[in-house]
Amino acid sequence: MKKLFVFFLGLSLVACQEQPSPELQASINRGQEVYQNFCIQCHLAEGQGVPNAFPPLAPSDFLETQTAAVIAGLKYGMQGEIVVNGQTYNGNMPAQGLEDDEIADVVNYIRNSWGNQNRQMILASDVAQTSKPKP
Amino acid sequence: MRYLASIGTLLGLSVFMACAQENVPPIQTPSTAAYTLEKVVDDSGILWGMTFISKTEILATEKGGTLYYCSAGTKQAISNVPEVYVRGQGGLLDVATDPDFETNSIIYLTLSSKGRGSEPGGNTALYKARLVDNSRLEDVELLYQASPNSKKGQHWGSRIVFDPQGHLYFGIGDRGNRDVNPQDISRDGGKIYRLNRDGSIPQDNPFVGQNGAKEAVFSYGHRNPQGMATHPTTGEIWVHEHGPRGGDEINRIQKGKNYGWPVITYGINYSGTPITTQTKKEGMEQPFYYWVPSIAPSGFAISDSDKYPNWRGDYFVGSLKFEYLEHLTIENQQVVAREKIAPNIGRVRNVQQGPDGYLYLSVEGKGIFKIVSKS
């Protein structure tokens, strides 16, 4: 009886892990290709980054809480100090020349990879509305 | 205690294994520097290419698409630069002056370009132009446009150098299509090219008259060359190229030779999986030197200067990844020592010997520095 209970508890936990919608999953798949093309050289295969040089993407409090800054950084480039998981990084990520749909896809990919989970889908129109941060 | 000892053994073993994997000779960091660094150009972007037009004036490309005239600590954007397709590792790449620049004011640029067709993406292009009043380009002429276009962000190359006879050499990387481009001489990408200065093809190029071949190709089987130098005493063209994870290479470029990518390499995929089991193969050149782990090399200078007497004939290569300038001591055609110059300075994108004999290095996000010997 106890075993059965544990089994159902496990099953219900799995069920709570909401699966991505087909649209989000398709965007994640496209985003993986963008990631491997443009991001992997610095942020590495598991989004682990490089200590003191390139911040990690998983886990990353910055990615979780500052989505708008992440999108703006991908679109316009990112310079100067940012704090990720308590560590200060002072680097220079040049804009990669990605199109709005590619930026949306890669953000959806990194927000749903390596243990990250955020099922709220970013759209190309969200990226289009992102303006250049004031210096 | 025994527990601690076994941890110690494990730790020792893993350090040993890590060291055993590094190619020799190991990199050294001198305890005291025999030089100082003097900033000559300030820039927060990526100064990709640089060339001297006099002892004190520099032309420098910023990857985002600006060509600068730099003099006496100031910089001015030069107008009428061809349109640049900034994408991934692509942008405005190298700049070089014509061997007769003093009389003809001609410069050459390599850059990522959408080309003239409607195909999405881009590829590397070589342009020629005349510098007027240090402020604008005129007579801008496309000498070479690689094809087909690709939306891939990787491996555009590129550097430009000349041999003593005045031929122009430039490189293009494999454009992220390693299984298709580098080994096929009928396709662009993964090649070193050789042209006359008017863009025509020298009739003694290795694949002239060969059916379907890109006749501008001089050597092939390259991954992503971002450093080129003409040897000051032999006149040979030397190139280094980025490997994948491990396996960056220095090669002496010979006419018509195949440098092996991706059939042979000392590197593996970024994911850790193998690319090939082979490091050597008949008909493919072995590198003069290879780096494991990768340093991510960019920029290449060979010193023949009396400013640093102990460095004459040695090779200098920027490391993007480990953020220093690498000095490779060459004796009897071999790398006998490696040391860090300017450790932790930042991502070193380029190194050039100036007409004054000093070495100049360009650091991403900082600008251009002159290396001044203390003695």
# chains A, B, ... in the order shown; residues from 1 in each chain; ligands from 1
call {"tool": "closest_atom_pairs", "arguments": {"of": "region 196-268 of chain B", "to": "region 285-305 of chain B", "cutoff": "6 Å", "atoms": "only C-alpha atoms", "output": "tab-separated table"}}
result
residue	atom	partner	partner_atom	distance
B:Gln226	CA	B:Ser298	CA	5.0
B:Gly227	CA	B:Gly299	CA	4.3
B:Met228	CA	B:Phe300	CA	5.6
B:Ala229	CA	B:Phe300	CA	5.8
B:His242	CA	B:Ala296	CA	5.8
B:Gly246	CA	B:Ser294	CA	4.4
B:Gly247	CA	B:Trp291	CA	5.4
B:Asp248	CA	B:Trp291	CA	5.1
B:Glu249	CA	B:Tyr290	CA	4.3
B:Ile250	CA	B:Tyr289	CA	5.1
B:Asn251	CA	B:Pro287	CA	5.1
B:Tyr259	CA	B:Glu285	CA	4.9
call {"tool": "write_last_selection", "arguments": {"atoms": "N, CA, C and O atoms", "output": "short mmCIF file (atom, residue, chain, number, x, y, z; two decimals), in the first residue's frame"}}
result
data_model
loop_
_atom_site.label_atom_id
_atom_site.label_comp_id
_atom_site.auth_asym_id
_atom_site.auth_seq_id
_atom_site.Cartn_x
_atom_site.Cartn_y
_atom_site.Cartn_z
N GLN B 226 42.66 33.18 -38.27
CA GLN B 226 42.54 34.57 -37.82
C GLN B 226 43.90 35.18 -37.51
O GLN B 226 43.99 36.19 -36.82
N GLY B 227 44.95 34.53 -38.01
CA GLY B 227 46.28 35.10 -37.87
C GLY B 227 47.11 34.74 -39.09
O GLY B 227 47.10 33.58 -39.52
N MET B 228 47.79 35.74 -39.67
CA MET B 228 48.64 35.49 -40.84
C MET B 228 49.83 36.41 -40.73
O MET B 228 49.69 37.56 -40.32
N ALA B 229 50.99 35.91 -41.14
CA ALA B 229 52.19 36.74 -41.12
C ALA B 229 53.10 36.31 -42.25
O ALA B 229 53.17 35.12 -42.58
N HIS B 242 42.06 28.65 -35.59
CA HIS B 242 41.34 28.10 -34.45
C HIS B 242 41.00 26.64 -34.71
O HIS B 242 40.45 26.31 -35.76
N GLY B 246 40.57 22.24 -28.46
CA GLY B 246 41.91 21.72 -28.69
C GLY B 246 42.20 21.71 -30.18
O GLY B 246 41.29 21.71 -31.00
N GLY B 247 43.51 21.71 -30.50
CA GLY B 247 43.87 21.56 -31.89
C GLY B 247 43.95 22.84 -32.69
O GLY B 247 43.85 22.80 -33.92
N ASP B 248 44.15 24.00 -32.03
CA ASP B 248 44.53 25.19 -32.77
C ASP B 248 45.89 24.89 -33.42
O ASP B 248 46.70 24.18 -32.83
N GLU B 249 46.14 25.44 -34.59
CA GLU B 249 47.37 25.08 -35.32
C GLU B 249 48.12 26.29 -35.82
O GLU B 249 47.53 27.32 -36.15
N ILE B 250 49.45 26.13 -35.94
CA ILE B 250 50.28 27.04 -36.73
C ILE B 250 50.74 26.26 -37.96
O ILE B 250 51.22 25.13 -37.83
N ASN B 251 50.58 26.83 -39.14
CA ASN B 251 50.98 26.17 -40.37
C ASN B 251 51.82 27.09 -41.25
O ASN B 251 51.54 28.29 -41.35
N TYR B 259 45.64 21.05 -45.52
CA TYR B 259 45.99 21.10 -44.09
C TYR B 259 45.06 20.26 -43.21
O TYR B 259 45.15 20.32 -41.99
#
call {"tool": "interface_residues", "arguments": {"of": "chain A", "to": "chain B", "cutoff": "10 Å", "atoms": "only C-alpha atoms", "output": "list in words"}}
result
Glu33, Val34, Gln36, Asn37, Phe38, Cys39, Ile40, Gln41, Cys42, Leu44, Ala45, Glu46, Val50, Ala53, Gln79, Gly80, Gly91, Asn92, Met93, Pro94, Ala95, Gln96, Gly97, Leu98 and Glu99 of chain A
call {"tool": "select_by_dssp", "arguments": {"residues": "region 16-135 of chain A", "states": "strand (DSSP E or B)", "output": "JSON list (two decimals) with C-alpha atoms, in the first residue's frame"}}
result
[["chain", "number", "residue", "atom", "x", "y", "z"],
["A", 50, "VAL", "CA", 33.69, 30.21, -17.66],
["A", 54, "PHE", "CA", 31.56, 34.34, -19.15],
["A", 78, "MET", "CA", 26.05, 43.95, -23.36],
["A", 79, "GLN", "CA", 28.90, 45.80, -21.70],
["A", 80, "GLY", "CA", 29.96, 46.58, -18.16],
["A", 81, "GLU", "CA", 29.31, 45.01, -14.80],
["A", 82, "ILE", "CA", 26.57, 42.51, -14.11],
["A", 83, "VAL", "CA", 26.12, 40.32, -11.06],
["A", 84, "VAL", "CA", 25.21, 36.67, -11.63],
["A", 87, "GLN", "CA", 29.63, 36.97, -8.82],
["A", 88, "THR", "CA", 30.49, 40.18, -10.64],
["A", 89, "TYR", "CA", 31.31, 39.91, -14.33],
["A", 90, "ASN", "CA", 32.69, 42.84, -16.30],
["A", 91, "GLY", "CA", 32.77, 41.63, -19.85],
["A", 92, "ASN", "CA", 31.75, 42.55, -23.32],
["A", 93, "MET", "CA", 29.21, 40.47, -25.20]]
call {"tool": "residues_around", "arguments": {"residues": "Ile106 (chain B)", "least_positions_apart": "4", "cutoff": "7 Å", "atoms": "only C-alpha atoms", "output": "compact mmCIF listing (two decimals) with N, CA and C atoms, in the first residue's frame"}}
result
# COMPACT_ATOMS: atom_id res chain seq x y z
N THR B 97 47.56 47.64 -45.85
CA THR B 97 47.94 48.64 -46.85
C THR B 97 48.64 47.96 -48.01
N ASP B 98 48.49 48.55 -49.18
CA ASP B 98 49.19 48.07 -50.36
C ASP B 98 50.69 48.22 -50.15
N PHE B 101 51.66 51.68 -50.76
CA PHE B 101 50.70 52.61 -50.17
C PHE B 101 51.21 54.05 -50.19
N LYS B 128 39.00 46.51 -52.10
CA LYS B 128 40.15 47.41 -52.32
C LYS B 128 39.60 48.82 -52.35
N ALA B 129 40.33 49.79 -51.83
CA ALA B 129 39.85 51.18 -51.87
C ALA B 129 41.04 52.12 -51.73
N ARG B 130 40.81 53.38 -52.06
CA ARG B 130 41.84 54.40 -51.93
C ARG B 130 41.48 55.29 -50.74
N LEU B 131 42.45 55.49 -49.86
CA LEU B 131 42.23 56.34 -48.68
C LEU B 131 42.53 57.78 -49.06
call {"tool": "residues_around", "arguments": {"residues": "Gly115 (chain A)", "least_positions_apart": "2", "cutoff": "10 Å", "atoms": "only C-alpha atoms", "output": "PyMOL selection string"}}
result
chain A and resi 46+58-59+110-113+117-118
call {"tool": "write_last_selection", "arguments": {"atoms": "N, CA and C atoms", "output": "PDB file, in the first residue's frame"}}
result
ATOM      1  N   GLU A  46      26.869  23.117 -21.646  1.00  0.00           N
ATOM      2  CA  GLU A  46      25.830  22.954 -20.634  1.00  0.00           C
ATOM      3  C   GLU A  46      25.438  24.302 -20.031  1.00  0.00           C
ATOM      4  N   ALA A  58      23.024  28.484 -16.463  1.00  0.00           N
ATOM      5  CA  ALA A  58      22.295  27.516 -15.651  1.00  0.00           C
ATOM      6  C   ALA A  58      23.191  26.998 -14.545  1.00  0.00           C
ATOM      7  N   PRO A  59      22.828  27.216 -13.264  1.00  0.00           N
ATOM      8  CA  PRO A  59      21.730  28.101 -12.887  1.00  0.00           C
ATOM      9  C   PRO A  59      22.172  29.551 -12.974  1.00  0.00           C
ATOM     10  N   ILE A 110      17.442  28.617 -23.740  1.00  0.00           N
ATOM     11  CA  ILE A 110      18.259  28.644 -22.512  1.00  0.00           C
ATOM     12  C   ILE A 110      17.380  28.669 -21.260  1.00  0.00           C
ATOM     13  N   ARG A 111      16.158  29.212 -21.366  1.00  0.00           N
ATOM     14  CA  ARG A 111      15.275  29.217 -20.193  1.00  0.00           C
ATOM     15  C   ARG A 111      14.647  27.852 -19.931  1.00  0.00           C
ATOM     16  N   ASN A 112      14.869  26.898 -20.841  1.00  0.00           N
ATOM     17  CA  ASN A 112      14.282  25.562 -20.682  1.00  0.00           C
ATOM     18  C   ASN A 112      15.306  24.456 -20.896  1.00  0.00           C
ATOM     19  N   SER A 113      16.563  24.757 -20.518  1.00  0.00           N
ATOM     20  CA  SER A 113      17.619  23.759 -20.683  1.00  0.00           C
ATOM     21  C   SER A 113      18.450  23.641 -19.423  1.00  0.00           C
ATOM     22  N   GLN A 117      13.731  26.013 -16.135  1.00  0.00           N
ATOM     23  CA  GLN A 117      12.381  25.756 -16.643  1.00  0.00           C
ATOM     24  C   GLN A 117      11.538  27.019 -16.532  1.00  0.00           C
ATOM     25  N   ASN A 118      11.201  27.560 -17.688  1.00  0.00           N
ATOM     26  CA  ASN A 118      10.307  28.708 -17.719  1.00  0.00           C
ATOM     27  C   ASN A 118       9.425  28.563 -18.951  1.00  0.00           C
TER      28      ASN A 118
END
call {"tool": "residues_around", "arguments": {"residues": "Arg119 (chain A)", "least_positions_apart": "5", "cutoff": "12 Å", "atoms": "only C-alpha atoms", "output": "MDAnalysis selection string"}}
result
chainID A and resid 17:25 27:28 64 107:113
call {"tool": "write_last_selection", "arguments": {"atoms": "N, CA, C and O atoms", "output": "mmCIF file, in the first residue's frame"}}
result
data_model
loop_
_atom_site.group_PDB
_atom_site.id
_atom_site.type_symbol
_atom_site.label_atom_id
_atom_site.label_comp_id
_atom_site.auth_asym_id
_atom_site.auth_seq_id
_atom_site.Cartn_x
_atom_site.Cartn_y
_atom_site.Cartn_z
ATOM 1 N N GLN A 17 5.006 18.730 -13.678
ATOM 2 C CA GLN A 17 5.996 19.314 -14.569
ATOM 3 C C GLN A 17 5.318 19.570 -15.905
ATOM 4 O O GLN A 17 5.361 18.756 -16.810
ATOM 5 N N GLU A 18 4.761 20.732 -16.010
ATOM 6 C CA GLU A 18 3.988 21.079 -17.192
ATOM 7 C C GLU A 18 4.882 20.966 -18.437
ATOM 8 O O GLU A 18 5.982 21.514 -18.483
ATOM 9 N N GLN A 19 4.406 20.278 -19.433
ATOM 10 C CA GLN A 19 5.185 20.138 -20.660
ATOM 11 C C GLN A 19 5.076 21.426 -21.476
ATOM 12 O O GLN A 19 4.052 22.095 -21.441
ATOM 13 N N PRO A 20 6.135 21.763 -22.235
ATOM 14 C CA PRO A 20 6.040 22.945 -23.083
ATOM 15 C C PRO A 20 4.971 22.750 -24.163
ATOM 16 O O PRO A 20 4.775 21.625 -24.630
ATOM 17 N N SER A 21 4.315 23.841 -24.530
ATOM 18 C CA SER A 21 3.343 23.768 -25.619
ATOM 19 C C SER A 21 4.090 23.401 -26.901
ATOM 20 O O SER A 21 5.303 23.599 -26.987
ATOM 21 N N PRO A 22 3.386 22.890 -27.894
ATOM 22 C CA PRO A 22 4.072 22.553 -29.160
ATOM 23 C C PRO A 22 4.789 23.770 -29.763
ATOM 24 O O PRO A 22 5.883 23.629 -30.308
ATOM 25 N N GLU A 23 4.190 24.957 -29.631
ATOM 26 C CA GLU A 23 4.835 26.158 -30.189
ATOM 27 C C GLU A 23 6.141 26.445 -29.454
ATOM 28 O O GLU A 23 7.158 26.762 -30.066
ATOM 29 N N LEU A 24 6.071 26.348 -28.100
ATOM 30 C CA LEU A 24 7.274 26.609 -27.317
ATOM 31 C C LEU A 24 8.338 25.567 -27.624
ATOM 32 O O LEU A 24 9.518 25.883 -27.792
ATOM 33 N N GLN A 25 7.926 24.306 -27.712
ATOM 34 C CA GLN A 25 8.896 23.244 -27.990
ATOM 35 C C GLN A 25 9.576 23.473 -29.338
ATOM 36 O O GLN A 25 10.789 23.293 -29.471
ATOM 37 N N SER A 27 10.036 26.349 -30.774
ATOM 38 C CA SER A 27 10.951 27.485 -30.599
ATOM 39 C C SER A 27 12.225 27.044 -29.874
ATOM 40 O O SER A 27 13.332 27.441 -30.247
ATOM 41 N N ILE A 28 12.065 26.201 -28.846
ATOM 42 C CA ILE A 28 13.219 25.671 -28.102
ATOM 43 C C ILE A 28 14.147 24.910 -29.048
ATOM 44 O O ILE A 28 15.365 25.065 -29.018
ATOM 45 N N GLU A 64 16.914 34.337 -14.685
ATOM 46 C CA GLU A 64 15.567 34.133 -14.134
ATOM 47 C C GLU A 64 14.834 35.443 -13.900
ATOM 48 O O GLU A 64 13.641 35.547 -14.146
ATOM 49 N N VAL A 107 16.387 32.489 -26.371
ATOM 50 C CA VAL A 107 15.994 32.755 -24.981
ATOM 51 C C VAL A 107 15.073 31.635 -24.494
ATOM 52 O O VAL A 107 15.233 31.123 -23.375
ATOM 53 N N ASN A 108 14.151 31.223 -25.329
ATOM 54 C CA ASN A 108 13.292 30.092 -24.941
ATOM 55 C C ASN A 108 14.113 28.830 -24.694
ATOM 56 O O ASN A 108 13.836 28.060 -23.773
ATOM 57 N N TYR A 109 15.145 28.643 -25.499
ATOM 58 C CA TYR A 109 15.996 27.456 -25.328
ATOM 59 C C TYR A 109 16.756 27.506 -24.006
ATOM 60 O O TYR A 109 16.703 26.559 -23.213
ATOM 61 N N ILE A 110 17.442 28.617 -23.740
ATOM 62 C CA ILE A 110 18.259 28.644 -22.512
ATOM 63 C C ILE A 110 17.380 28.669 -21.260
ATOM 64 O O ILE A 110 17.784 28.171 -20.220
ATOM 65 N N ARG A 111 16.158 29.212 -21.366
ATOM 66 C CA ARG A 111 15.275 29.217 -20.193
ATOM 67 C C ARG A 111 14.647 27.852 -19.931
ATOM 68 O O ARG A 111 13.952 27.654 -18.936
ATOM 69 N N ASN A 112 14.869 26.898 -20.841
ATOM 70 C CA ASN A 112 14.282 25.562 -20.682
ATOM 71 C C ASN A 112 15.306 24.456 -20.896
ATOM 72 O O ASN A 112 14.980 23.395 -21.407
ATOM 73 N N SER A 113 16.563 24.757 -20.518
ATOM 74 C CA SER A 113 17.619 23.759 -20.683
ATOM 75 C C SER A 113 18.450 23.641 -19.423
ATOM 76 O O SER A 113 18.489 24.571 -18.617
#
